[in-house]
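In what follows, a single structure is set out as structure tokens and then discussed.
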Amino acid sequence: MKTYSPKPAELTREWLVIDAEGLVLGRVATVAASLLRGKHRTFFAPHVDTGDYVIIVNADKVVVTAKQGGPKLHYRHSGYPGGLRATSWQKLMDTEPEKLVTNAIRGMIPKNRLGRAQMEKLFVYAGAEHPHTAQAPKSFDTSAIRRG
């Protein structure tokens, strides 16, 4: 028996919408990362991008549990000496909730060119509207994700 390896030309990708209102950030991130990688497919292969396009709406209404909003920090570095900058999660949630959700998902994706290609299929919006209606996205069932 030969092992089946999916070819990029054989893939059909779906567009999925996840409504993050009232959902826990880490749980949304794990589901979205799994969909982006294609781990929900029967023909998943770790070396091929078999994932779907994921649209996350209401990122500003995602829940951060265990009082992580205040003490937890998001770090970024400019690349220059002394260029480390820190922002609290609460401030990031107030100003750029899309960045908080995107960074949580990015941490669960491989750090190579395949992972960067998978992250290009992620679209995060703070509000309930998104500009991808022409792609006819399907609503993803979030009933299995624990609400905060």
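Naming scheme: A, B, ... for chains in displayed order of the structure tokens; residues 1 onward per chain; ligands 1 onward as shown.
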
Quick one: which range 93-127 of chain A residues come within 10 Å of range 26-42 of chain A, and what is the nearest atom pair for each with the distance in Å to one decimal, counting only C-alpha atoms, rows ordered by chain and ascending number, as JSON lines?
```
{"residue": "A:Val101", "atom": "CA", "partner": "A:Ala29", "partner_atom": "CA", "distance": 7.0}
{"residue": "A:Thr102", "atom": "CA", "partner": "A:Ala29", "partner_atom": "CA", "distance": 8.2}
{"residue": "A:Asn103", "atom": "CA", "partner": "A:Ala29", "partner_atom": "CA", "distance": 9.0}
{"residue": "A:Ala104", "atom": "CA", "partner": "A:Ala29", "partner_atom": "CA", "distance": 6.0}
{"residue": "A:Ile105", "atom": "CA", "partner": "A:Ala29", "partner_atom": "CA", "distance": 4.8}
{"residue": "A:Arg106", "atom": "CA", "partner": "A:Ala33", "partner_atom": "CA", "distance": 7.8}
{"residue": "A:Gly107", "atom": "CA", "partner": "A:Ala33", "partner_atom": "CA", "distance": 9.0}
{"residue": "A:Met108", "atom": "CA", "partner": "A:Ala33", "partner_atom": "CA", "distance": 6.2}
{"residue": "A:Ile109", "atom": "CA", "partner": "A:Ala33", "partner_atom": "CA", "distance": 6.4}
{"residue": "A:Pro110", "atom": "CA", "partner": "A:Arg37", "partner_atom": "CA", "distance": 9.1}
{"residue": "A:Leu114", "atom": "CA", "partner": "A:Arg37", "partner_atom": "CA", "distance": 9.3}
{"residue": "A:Gly115", "atom": "CA", "partner": "A:Arg37", "partner_atom": "CA", "distance": 8.1}
{"residue": "A:Ala117", "atom": "CA", "partner": "A:Leu36", "partner_atom": "CA", "distance": 9.6}
{"residue": "A:Gln118", "atom": "CA", "partner": "A:Leu36", "partner_atom": "CA", "distance": 5.9}
{"residue": "A:Met119", "atom": "CA", "partner": "A:Leu36", "partner_atom": "CA", "distance": 7.3}
{"residue": "A:Glu120", "atom": "CA", "partner": "A:Leu36", "partner_atom": "CA", "distance": 9.3}
{"residue": "A:Lys121", "atom": "CA", "partner": "A:Leu36", "partner_atom": "CA", "distance": 7.0}
{"residue": "A:Leu122", "atom": "CA", "partner": "A:Leu36", "partner_atom": "CA", "distance": 7.4}
```

Would you put the residues from that selection into a file with N, CA and C atoms, as a PDB file, in the first residue's frame?
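Writing the result to result-v1.pdb gives the following:
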```pdb
ATOM      1  N   VAL A 101      -5.462  38.579  18.832  1.00  0.00           N
ATOM      2  CA  VAL A 101      -5.959  37.299  18.333  1.00  0.00           C
ATOM      3  C   VAL A 101      -4.998  36.715  17.302  1.00  0.00           C
ATOM      4  N   THR A 102      -4.484  37.552  16.418  1.00  0.00           N
ATOM      5  CA  THR A 102      -3.555  37.079  15.386  1.00  0.00           C
ATOM      6  C   THR A 102      -2.281  36.515  15.998  1.00  0.00           C
ATOM      7  N   ASN A 103      -1.746  37.194  17.008  1.00  0.00           N
ATOM      8  CA  ASN A 103      -0.515  36.711  17.645  1.00  0.00           C
ATOM      9  C   ASN A 103      -0.743  35.421  18.413  1.00  0.00           C
ATOM     10  N   ALA A 104      -1.925  35.244  18.992  1.00  0.00           N
ATOM     11  CA  ALA A 104      -2.230  33.998  19.689  1.00  0.00           C
ATOM     12  C   ALA A 104      -2.270  32.832  18.697  1.00  0.00           C
ATOM     13  N   ILE A 105      -2.809  33.075  17.513  1.00  0.00           N
ATOM     14  CA  ILE A 105      -2.872  32.020  16.492  1.00  0.00           C
ATOM     15  C   ILE A 105      -1.501  31.787  15.887  1.00  0.00           C
ATOM     16  N   ARG A 106      -0.735  32.856  15.679  1.00  0.00           N
ATOM     17  CA  ARG A 106       0.597  32.725  15.078  1.00  0.00           C
ATOM     18  C   ARG A 106       1.507  31.843  15.936  1.00  0.00           C
ATOM     19  N   GLY A 107       1.323  31.881  17.248  1.00  0.00           N
ATOM     20  CA  GLY A 107       2.138  31.055  18.125  1.00  0.00           C
ATOM     21  C   GLY A 107       1.868  29.570  17.988  1.00  0.00           C
ATOM     22  N   MET A 108       0.742  29.193  17.366  1.00  0.00           N
ATOM     23  CA  MET A 108       0.366  27.795  17.218  1.00  0.00           C
ATOM     24  C   MET A 108       0.598  27.266  15.804  1.00  0.00           C
ATOM     25  N   ILE A 109       1.188  28.078  14.948  1.00  0.00           N
ATOM     26  CA  ILE A 109       1.464  27.719  13.556  1.00  0.00           C
ATOM     27  C   ILE A 109       2.975  27.515  13.425  1.00  0.00           C
ATOM     28  N   PRO A 110       3.422  26.620  12.546  1.00  0.00           N
ATOM     29  CA  PRO A 110       4.868  26.423  12.370  1.00  0.00           C
ATOM     30  C   PRO A 110       5.594  27.716  11.990  1.00  0.00           C
ATOM     31  N   LEU A 114       6.017  27.512   5.299  1.00  0.00           N
ATOM     32  CA  LEU A 114       4.693  26.911   5.246  1.00  0.00           C
ATOM     33  C   LEU A 114       3.752  27.597   6.243  1.00  0.00           C
ATOM     34  N   GLY A 115       4.255  27.887   7.440  1.00  0.00           N
ATOM     35  CA  GLY A 115       3.459  28.575   8.440  1.00  0.00           C
ATOM     36  C   GLY A 115       3.092  29.990   8.005  1.00  0.00           C
ATOM     37  N   ALA A 117       2.672  30.936   4.917  1.00  0.00           N
ATOM     38  CA  ALA A 117       1.635  30.779   3.895  1.00  0.00           C
ATOM     39  C   ALA A 117       0.286  30.471   4.536  1.00  0.00           C
ATOM     40  N   GLN A 118       0.290  29.711   5.611  1.00  0.00           N
ATOM     41  CA  GLN A 118      -0.958  29.400   6.305  1.00  0.00           C
ATOM     42  C   GLN A 118      -1.519  30.637   7.005  1.00  0.00           C
ATOM     43  N   MET A 119      -0.670  31.490   7.537  1.00  0.00           N
ATOM     44  CA  MET A 119      -1.138  32.699   8.214  1.00  0.00           C
ATOM     45  C   MET A 119      -1.729  33.708   7.237  1.00  0.00           C
ATOM     46  N   GLU A 120      -1.374  33.630   5.968  1.00  0.00           N
ATOM     47  CA  GLU A 120      -1.953  34.535   4.972  1.00  0.00           C
ATOM     48  C   GLU A 120      -3.423  34.230   4.723  1.00  0.00           C
ATOM     49  N   LYS A 121      -3.893  33.070   5.160  1.00  0.00           N
ATOM     50  CA  LYS A 121      -5.297  32.694   4.982  1.00  0.00           C
ATOM     51  C   LYS A 121      -6.157  33.084   6.183  1.00  0.00           C
ATOM     52  N   LEU A 122      -5.588  33.840   7.123  1.00  0.00           N
ATOM     53  CA  LEU A 122      -6.311  34.277   8.314  1.00  0.00           C
ATOM     54  C   LEU A 122      -6.692  35.742   8.174  1.00  0.00           C
TER      55      LEU A 122
END
```

Interface rows for range 21-113 of chain A against range 140-148 of chain A: nearest pair, Å to one decimal, 8 Å, only C-alpha atoms, as CSV:
```
residue,atom,partner,partner_atom,distance
A:Gly22,CA,A:Arg147,CA,5.8
A:Leu23,CA,A:Arg147,CA,4.5
A:Val24,CA,A:Gly148,CA,5.3
A:Arg27,CA,A:Ile145,CA,6.4
A:Val28,CA,A:Ile145,CA,7.4
A:Val63,CA,A:Gly148,CA,5.8
A:Val64,CA,A:Gly148,CA,7.7
A:Thr65,CA,A:Gly148,CA,6.9
```

Store the residues of this selection in a file with C-alpha atoms, as a PDB file, in the first residue's frame.
```pdb
ATOM      1  CA  GLY A  22     -17.836  35.614  24.322  1.00  0.00           C
ATOM      2  CA  LEU A  23     -15.307  32.884  23.462  1.00  0.00           C
ATOM      3  CA  VAL A  24     -12.034  32.321  25.314  1.00  0.00           C
ATOM      4  CA  ARG A  27      -9.777  28.178  22.571  1.00  0.00           C
ATOM      5  CA  VAL A  28     -10.533  30.302  19.517  1.00  0.00           C
ATOM      6  CA  VAL A  63     -12.619  36.822  26.592  1.00  0.00           C
ATOM      7  CA  VAL A  64      -9.239  36.587  28.316  1.00  0.00           C
ATOM      8  CA  THR A  65      -9.527  34.407  31.423  1.00  0.00           C
TER       9      THR A  65
END
```

All residues 9 Å or closer to Glu98 in chain A, only C-alpha atoms, same chain fewer than 3 positions away omitted, as a ChimeraX atom specification: /A:56,59-60,92-93,101-103,123-126

Point-to-point distance in Å for CA of Leu100 in chain A and CA of Leu84 in chain A: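 So the two atoms, CA of Leu84 in chain A and CA of Leu100 in chain A, lie 17.6 Å apart.
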
Where does DSSP see helix (DSSP H, G or I) in chain A, if you list the residues as a PDB file with C-alpha atoms, in the first residue's frame?
```pdb
ATOM      1  CA  PRO A   8      -1.748  21.397  -3.964  1.00  0.00           C
ATOM      2  CA  ALA A   9      -3.653  21.283  -7.272  1.00  0.00           C
ATOM      3  CA  GLU A  10      -6.158  18.741  -5.869  1.00  0.00           C
ATOM      4  CA  LEU A  25      -9.007  33.582  23.365  1.00  0.00           C
ATOM      5  CA  GLY A  26      -6.909  30.413  23.620  1.00  0.00           C
ATOM      6  CA  ARG A  27      -9.777  28.178  22.571  1.00  0.00           C
ATOM      7  CA  VAL A  28     -10.533  30.302  19.517  1.00  0.00           C
ATOM      8  CA  ALA A  29      -6.829  30.319  18.641  1.00  0.00           C
ATOM      9  CA  THR A  30      -6.474  26.523  18.805  1.00  0.00           C
ATOM     10  CA  VAL A  31      -9.537  25.952  16.628  1.00  0.00           C
ATOM     11  CA  ALA A  32      -8.435  28.566  14.097  1.00  0.00           C
ATOM     12  CA  ALA A  33      -4.871  27.206  13.974  1.00  0.00           C
ATOM     13  CA  SER A  34      -6.187  23.704  13.380  1.00  0.00           C
ATOM     14  CA  LEU A  35      -8.408  24.924  10.533  1.00  0.00           C
ATOM     15  CA  LEU A  36      -5.567  26.944   8.993  1.00  0.00           C
ATOM     16  CA  ARG A  37      -3.217  23.956   9.057  1.00  0.00           C
ATOM     17  CA  ALA A  59     -12.297  39.952  17.980  1.00  0.00           C
ATOM     18  CA  ASP A  60     -12.899  42.859  20.352  1.00  0.00           C
ATOM     19  CA  LYS A  61     -15.415  40.724  22.296  1.00  0.00           C
ATOM     20  CA  TRP A  89      -2.818  42.634  27.101  1.00  0.00           C
ATOM     21  CA  GLN A  90      -5.517  44.961  28.405  1.00  0.00           C
ATOM     22  CA  LYS A  91      -4.128  47.920  26.455  1.00  0.00           C
ATOM     23  CA  LEU A  92      -3.737  45.749  23.362  1.00  0.00           C
ATOM     24  CA  MET A  93      -7.316  44.529  23.783  1.00  0.00           C
ATOM     25  CA  ASP A  94      -8.570  48.118  23.944  1.00  0.00           C
ATOM     26  CA  THR A  95      -6.543  49.432  20.996  1.00  0.00           C
ATOM     27  CA  PRO A  97      -7.804  43.347  19.446  1.00  0.00           C
ATOM     28  CA  GLU A  98      -7.052  41.946  15.966  1.00  0.00           C
ATOM     29  CA  LYS A  99      -3.341  41.898  16.783  1.00  0.00           C
ATOM     30  CA  LEU A 100      -3.935  40.037  20.052  1.00  0.00           C
ATOM     31  CA  VAL A 101      -5.959  37.299  18.333  1.00  0.00           C
ATOM     32  CA  THR A 102      -3.555  37.079  15.386  1.00  0.00           C
ATOM     33  CA  ASN A 103      -0.515  36.711  17.645  1.00  0.00           C
ATOM     34  CA  ALA A 104      -2.230  33.998  19.689  1.00  0.00           C
ATOM     35  CA  ILE A 105      -2.872  32.020  16.492  1.00  0.00           C
ATOM     36  CA  ARG A 106       0.597  32.725  15.078  1.00  0.00           C
ATOM     37  CA  ARG A 113       7.583  29.371   5.052  1.00  0.00           C
ATOM     38  CA  LEU A 114       4.693  26.911   5.246  1.00  0.00           C
ATOM     39  CA  GLY A 115       3.459  28.575   8.440  1.00  0.00           C
ATOM     40  CA  ARG A 116       3.703  32.019   6.833  1.00  0.00           C
ATOM     41  CA  ALA A 117       1.635  30.779   3.895  1.00  0.00           C
ATOM     42  CA  GLN A 118      -0.958  29.400   6.305  1.00  0.00           C
ATOM     43  CA  MET A 119      -1.138  32.699   8.214  1.00  0.00           C
ATOM     44  CA  THR A 133     -19.091  38.099   1.366  1.00  0.00           C
ATOM     45  CA  ALA A 134     -18.178  37.401  -2.273  1.00  0.00           C
ATOM     46  CA  GLN A 135     -16.372  34.213  -1.167  1.00  0.00           C
TER      47      GLN A 135
END
```

Spatial neighbours of His47 in chain A, max dist 10 Å, only C-alpha atoms, sep filter under 2 positions, as a PyMOL selection string: chain A and resi 5-6+37+44-45+49-50+114

Those same residues, written as a tab-separated table (two decimals), in the first residue's frame with C-alpha atoms?
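The file below, part24.tsv, is the result:
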```
chain	number	residue	atom	x	y	z
A	5	SER	CA	0.16	12.59	-0.26
A	6	PRO	CA	-2.17	15.45	-1.18
A	37	ARG	CA	-3.22	23.96	9.06
A	44	PHE	CA	-3.81	16.12	6.31
A	45	ALA	CA	-0.08	16.15	5.62
A	49	ASP	CA	-0.82	23.52	3.14
A	50	THR	CA	-4.20	21.74	3.24
A	114	LEU	CA	4.69	26.91	5.25
```

Which residue of A:Glu96, A:Ala20, A:Met1, A:Phe43 approaches Val57 in chain A most closely, using only C-alpha atoms: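 Of A:Glu96, A:Ala20, A:Met1, A:Phe43, the one nearest Val57 in chain A is A:Ala20, counting only C-alpha atoms.
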
Range 27-145 of chain A: residues DSSP assigns to strand (DSSP E or B), reported as a PyMOL selection string: chain A and resi 53-57+63+73-77+84-88+122-124+138-139

Pick from A:Ser78, A:Gly127, A:Lys72, A:Asn58 nearest to Asp19 in chain A, counting only C-alpha atoms: A:Asn58

Point-to-point distance from CA of Lys111 in chain A to CA of Gly51 in chain A, Å rounded to tenths: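 Those two atoms sit 16.0 Å apart.
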
Contacts of Lys138 in chain A within 8 Å, only C-alpha atoms, excl. fewer than 4 positions in-chain, as a VMD selection string: chain A and resid 14 to 17
